[in-house]
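The block underneath contains the structure these notes are about, expressed in structure tokens.
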Amino acid sequence: MIRFDILTLFPDMFQSPLASSVLKKAIDRGVIKVRVFNIRDFTMDKHRVVDDSPYGGGSGMVMKAGPIVEGIERLKSTNGSPRVILMTPQGVPFDHSQAKRLSQYDHLLFVCGRYEGVDERVRGYVDEEVSIGDYILMGGELAVMVVIDAVSRFVPGVLGSEESVLEESFANALLEYPQYTRPRVFRGKRVPEVLISGDHRQITHWRRREALKRTFIRRPDLLEKVNLSEGDLALLEEIKREEREARDN
């Protein structure tokens with residue numbers, strides 16, 4: 001079981017994603033636990049102020065350190081020692097390997113930034129900073145949901161088939177091979193014969209080749225991160241030759 005705690009100014013944003021699909025089923029079964037806390041509940045003034053203008057001038061508002069740090073410390077004091085993660089565009093890029101790593105913790109506490117960001121002193125109270133991409137969102141809430149969804153896939157009992165995690169894109173640093181289901185023919189396009197042949201050796205070969213091909217065409221940078229066998233390298237040379245011939249024609 002893994003526990004996700006979230007510090008946010010907008011708790012309602014998490015209601016719908018957590019109340020449907022696979023995550024809801026995992027929560028109902030007790031495989032994962034998610035608790036959402038309003039940062040305003042950790043303020044010390046009657047107006048529950050969580051932001052202020054930046055020192056030195058500039059546009060926008062900055063989230064105050066006090067409420068965030070108070071929230072982190074109070075949750076730590078009552079719930080053990082969670083791994084504290086600040087969601088920020090300045091963080092380490094989140095990918096498949098990061099999701100797998102984070103799934104090894106039994107308790108994660110996310111801090112959702114807003115406005116122009118958080119007071120720099122908050123960084124002294126977090127364990128790491130994570131970014132889901134080189135773009136700016138209105139806040140960290142959507143980013144947290146992406147991370148929770150990706151991390152939860154590695155938690156035993158969340159998915160119906162554990163094998164799907166091993167075969168999907170990025171699991172082996174390659175994009176996943178094409179998938180098909182019934183009917184065999186859809187608007188003139190047929191399912192590759194090898195997939196209905198019953199020859200599992202040929203199916204495995206076809207899938208590996210297609211994964212290499214798709215990765216070479218769409219994400220060639222990923223090929224630098226995977227240890228390719230001699231057979232893989234031979235397939236890759238075939239694929240490159242086919243692509244050159246297709247361009248020449």
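Labels used: A, B, ... for chains in the order of the structure tokens, numbers from 1 for residues in each chain, and numbers from 1 for ligands as shown.
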**Request:** Quick one: everything within 7 Å of range 218-235 of chain A, counting only C-alpha atoms, minus sequence neighbours fewer than 4 positions away in the same chain. Send it as a list of chain:residue names.
**Result:** A:Ala173, A:Leu174, A:Arg209, A:Arg214, A:Ile239
Counting only C-alpha atoms, what is within 12 Å of Asp95 in chain A, bar same-chain residues fewer than 4 positions away, as an mmCIF file with C-alpha atoms, in the first residue's frame?
```
data_model
loop_
_atom_site.group_PDB
_atom_site.id
_atom_site.type_symbol
_atom_site.label_atom_id
_atom_site.label_comp_id
_atom_site.auth_asym_id
_atom_site.auth_seq_id
_atom_site.Cartn_x
_atom_site.Cartn_y
_atom_site.Cartn_z
ATOM 1 C CA ALA A 99 7.694 6.842 -11.531
ATOM 2 C CA LYS A 100 9.126 3.409 -10.791
ATOM 3 C CA ARG A 101 11.546 4.878 -8.228
ATOM 4 C CA LEU A 102 8.861 6.832 -6.394
ATOM 5 C CA VAL A 130 9.772 17.271 -9.779
ATOM 6 C CA SER A 131 8.650 18.661 -13.149
ATOM 7 C CA ILE A 132 6.372 16.913 -15.642
ATOM 8 C CA GLY A 133 7.617 18.991 -18.580
ATOM 9 C CA VAL A 146 -0.008 12.845 -13.486
ATOM 10 C CA VAL A 147 2.615 11.652 -11.006
ATOM 11 C CA ALA A 150 2.026 6.994 -13.207
ATOM 12 C CA VAL A 151 3.395 5.906 -9.823
ATOM 13 C CA SER A 169 6.096 2.098 -23.710
ATOM 14 C CA PHE A 170 9.286 3.151 -21.895
ATOM 15 C CA ALA A 171 9.333 0.026 -19.705
ATOM 16 C CA ALA A 173 13.347 2.261 -22.997
#
```
**Neighbour list for Tyr105 in chain A as a list in words, cut-off 10 Å, only C-alpha atoms, skip fewer than 5 positions in-chain** = Met1, Ile2, Arg3, Pro82, Arg83 and Lys100 of chain A
Output file for the residues above (C-alpha atoms, as an mmCIF file, in the first residue's frame):
```cif
data_model
loop_
_atom_site.group_PDB
_atom_site.id
_atom_site.type_symbol
_atom_site.label_atom_id
_atom_site.label_comp_id
_atom_site.auth_asym_id
_atom_site.auth_seq_id
_atom_site.Cartn_x
_atom_site.Cartn_y
_atom_site.Cartn_z
ATOM 1 C CA MET A 1 0.000 0.000 0.000
ATOM 2 C CA ILE A 2 1.200 3.493 -0.804
ATOM 3 C CA ARG A 3 -0.098 6.727 0.692
ATOM 4 C CA PRO A 82 6.831 10.980 4.043
ATOM 5 C CA ARG A 83 9.010 11.784 1.044
ATOM 6 C CA LYS A 100 9.126 3.409 -10.791
#
```
**Request:** Please measure the separation of CA of Gln90 in chain A and CA of Thr8 in chain A, giving the value in Å to one decimal.
**Result:** 18.3 Å
**Request:** Give me every alpha helix (DSSP H) residue in range 54-226 of chain A, going by DSSP on the backbone, as a PyMOL selection string.
**Result:** chain A and resi 65-78+96-102+141-152+163-167+200-218
**Message:** With only C-alpha atoms as the counted atoms, please give the residues lying no more than 12 Å from Ser53 in chain A, apart from itself and same-chain residues fewer than 2 positions off, as an NGL selection string.
**Reply:** :A and (49-51 or 55-64 or 115-119)
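CA of Gly140 in chain A lies 5.6 Å from CA of Met87 in chain A.
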**Message:** Could you go through range 4-241 of chain A and tell me which residues DSSP, when run on the backbone, assigns to strand (DSSP E or B), listing them as an MDAnalysis selection string?
**Reply:** chainID A and resid 4:8 32:38 51:52 62:63 83:93 107:112 114 118 128:131 139 185:186 189:190
Please, could you write that set of residues out with N, CA and C atoms as a compact mmCIF listing (two decimals), in the first residue's frame?
```
# COMPACT_ATOMS: atom_id res chain seq x y z
N PHE A 4 -0.56 8.73 -0.57
CA PHE A 4 -0.28 10.02 -1.19
C PHE A 4 -0.97 11.11 -0.38
N ASP A 5 -0.22 12.06 0.14
CA ASP A 5 -0.78 13.25 0.77
C ASP A 5 -0.50 14.45 -0.13
N ILE A 6 -1.44 15.39 -0.17
CA ILE A 6 -1.32 16.53 -1.08
C ILE A 6 -1.63 17.82 -0.35
N LEU A 7 -0.73 18.77 -0.45
CA LEU A 7 -0.96 20.13 0.06
C LEU A 7 -1.28 21.03 -1.11
N THR A 8 -2.46 21.63 -1.11
CA THR A 8 -2.93 22.41 -2.25
C THR A 8 -3.87 23.53 -1.80
N ILE A 32 -4.11 1.87 -2.54
CA ILE A 32 -3.51 3.19 -2.39
C ILE A 32 -4.43 4.05 -1.52
N LYS A 33 -3.85 5.05 -0.90
CA LYS A 33 -4.62 5.97 -0.06
C LYS A 33 -4.24 7.38 -0.44
N VAL A 34 -5.23 8.25 -0.63
CA VAL A 34 -4.97 9.64 -1.01
C VAL A 34 -5.70 10.56 -0.06
N ARG A 35 -4.97 11.52 0.48
CA ARG A 35 -5.57 12.52 1.35
C ARG A 35 -5.15 13.90 0.85
N VAL A 36 -6.12 14.80 0.81
CA VAL A 36 -5.88 16.14 0.28
C VAL A 36 -6.08 17.16 1.39
N PHE A 37 -5.12 18.08 1.54
CA PHE A 37 -5.16 19.08 2.60
C PHE A 37 -5.08 20.49 2.01
N ASN A 38 -5.93 21.36 2.54
CA ASN A 38 -5.95 22.76 2.09
C ASN A 38 -4.85 23.54 2.81
N ASP A 51 -0.51 34.14 0.30
CA ASP A 51 0.41 34.71 -0.68
C ASP A 51 0.68 36.18 -0.37
N ASP A 52 1.72 36.71 -1.01
CA ASP A 52 2.07 38.12 -0.81
C ASP A 52 2.90 38.56 -2.01
N VAL A 62 3.54 35.63 -4.64
CA VAL A 62 4.36 34.48 -4.26
C VAL A 62 3.72 33.79 -3.06
N MET A 63 3.69 32.47 -3.08
CA MET A 63 3.12 31.73 -1.96
C MET A 63 4.04 31.85 -0.74
N ARG A 83 8.10 11.16 2.00
CA ARG A 83 9.01 11.78 1.04
C ARG A 83 8.30 13.03 0.53
N VAL A 84 8.88 14.22 0.78
CA VAL A 84 8.21 15.48 0.44
C VAL A 84 8.67 15.94 -0.94
N ILE A 85 7.71 16.16 -1.83
CA ILE A 85 8.01 16.52 -3.21
C ILE A 85 7.33 17.84 -3.57
N LEU A 86 8.11 18.78 -4.06
CA LEU A 86 7.59 20.05 -4.55
C LEU A 86 7.43 19.95 -6.05
N MET A 87 6.22 20.19 -6.55
CA MET A 87 5.98 20.18 -7.99
C MET A 87 6.33 21.56 -8.55
N THR A 88 7.31 21.61 -9.44
CA THR A 88 7.79 22.88 -9.98
C THR A 88 8.43 22.66 -11.35
N PRO A 89 8.29 23.63 -12.27
CA PRO A 89 8.95 23.50 -13.58
C PRO A 89 10.47 23.43 -13.46
N GLN A 90 11.01 23.81 -12.31
CA GLN A 90 12.46 23.78 -12.11
C GLN A 90 12.96 22.42 -11.62
N GLY A 91 12.04 21.47 -11.42
CA GLY A 91 12.42 20.19 -10.85
C GLY A 91 13.03 19.22 -11.84
N VAL A 92 13.38 18.05 -11.33
CA VAL A 92 13.92 16.97 -12.16
C VAL A 92 12.82 16.46 -13.09
N PRO A 93 13.10 16.27 -14.37
CA PRO A 93 12.08 15.79 -15.30
C PRO A 93 11.51 14.44 -14.87
N HIS A 107 5.07 6.35 1.36
CA HIS A 107 4.36 7.58 1.72
C HIS A 107 5.00 8.76 1.00
N LEU A 108 4.22 9.44 0.15
CA LEU A 108 4.68 10.62 -0.57
C LEU A 108 3.80 11.81 -0.20
N LEU A 109 4.43 12.96 0.02
CA LEU A 109 3.71 14.19 0.33
C LEU A 109 4.04 15.21 -0.75
N PHE A 110 3.02 15.63 -1.49
CA PHE A 110 3.20 16.57 -2.60
C PHE A 110 2.81 17.99 -2.17
N VAL A 111 3.61 18.95 -2.61
CA VAL A 111 3.31 20.37 -2.41
C VAL A 111 3.00 20.98 -3.77
N CYS A 112 1.79 21.54 -3.90
CA CYS A 112 1.37 22.15 -5.16
C CYS A 112 1.61 23.66 -5.12
N ARG A 114 1.54 27.58 -6.73
CA ARG A 114 0.57 28.41 -7.46
C ARG A 114 1.19 29.79 -7.67
N VAL A 118 6.68 29.50 -5.11
CA VAL A 118 6.71 29.49 -3.65
C VAL A 118 7.93 30.26 -3.15
N GLU A 128 12.75 16.64 -2.59
CA GLU A 128 13.09 16.72 -4.01
C GLU A 128 12.06 17.56 -4.75
N GLU A 129 12.44 18.00 -5.95
CA GLU A 129 11.55 18.79 -6.80
C GLU A 129 11.36 18.06 -8.12
N VAL A 130 10.11 18.05 -8.59
CA VAL A 130 9.77 17.27 -9.78
C VAL A 130 9.03 18.14 -10.78
N SER A 131 9.34 17.96 -12.06
CA SER A 131 8.65 18.66 -13.15
C SER A 131 8.12 17.64 -14.14
N GLY A 139 -0.87 25.71 -11.88
CA GLY A 139 -0.53 25.25 -10.54
C GLY A 139 -0.04 23.82 -10.59
N VAL A 185 -10.71 -7.09 -39.64
CA VAL A 185 -10.66 -6.09 -40.71
C VAL A 185 -11.52 -4.91 -40.30
N PHE A 186 -10.93 -3.72 -40.31
CA PHE A 186 -11.68 -2.50 -39.99
C PHE A 186 -11.45 -1.50 -41.11
N LYS A 189 -8.59 -2.17 -43.38
CA LYS A 189 -7.28 -2.37 -42.76
C LYS A 189 -7.31 -3.65 -41.93
N ARG A 190 -6.38 -4.55 -42.24
CA ARG A 190 -6.36 -5.87 -41.62
C ARG A 190 -5.35 -5.92 -40.47
```
**Asked** Which distance in Å separates CA of Leu159 in chain A and CA of Ser21 in chain A, to one decimal?
**Response**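 Atom-to-atom, CA of Leu159 in chain A and CA of Ser21 in chain A are spaced 10.9 Å apart.
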**Asked** Given the choices A:Ser81, A:Ser103, A:Thr43, A:Thr215, which gets closest to Ile68 in chain A if the distance is worked out from only C-alpha atoms?
**Response**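 Ranked by minimum distance to Ile68 in chain A, first place goes to A:Thr43.
Using only C-alpha atoms, the nearest neighbour of Ala26 in chain A within the list A:Pro178, A:Pro54, A:Pro67, A:Pro156 is A:Pro156.
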**Request:** Find the spatial neighbours of Met13 in chain A, counting only C-alpha atoms, within a cut-off of 10 Å - ignore same-chain residues fewer than 6 positions away - and output them as a list in words.
**Result:**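 Answer for this query is Val36, Glu141, Leu142 and Met145 of chain A.
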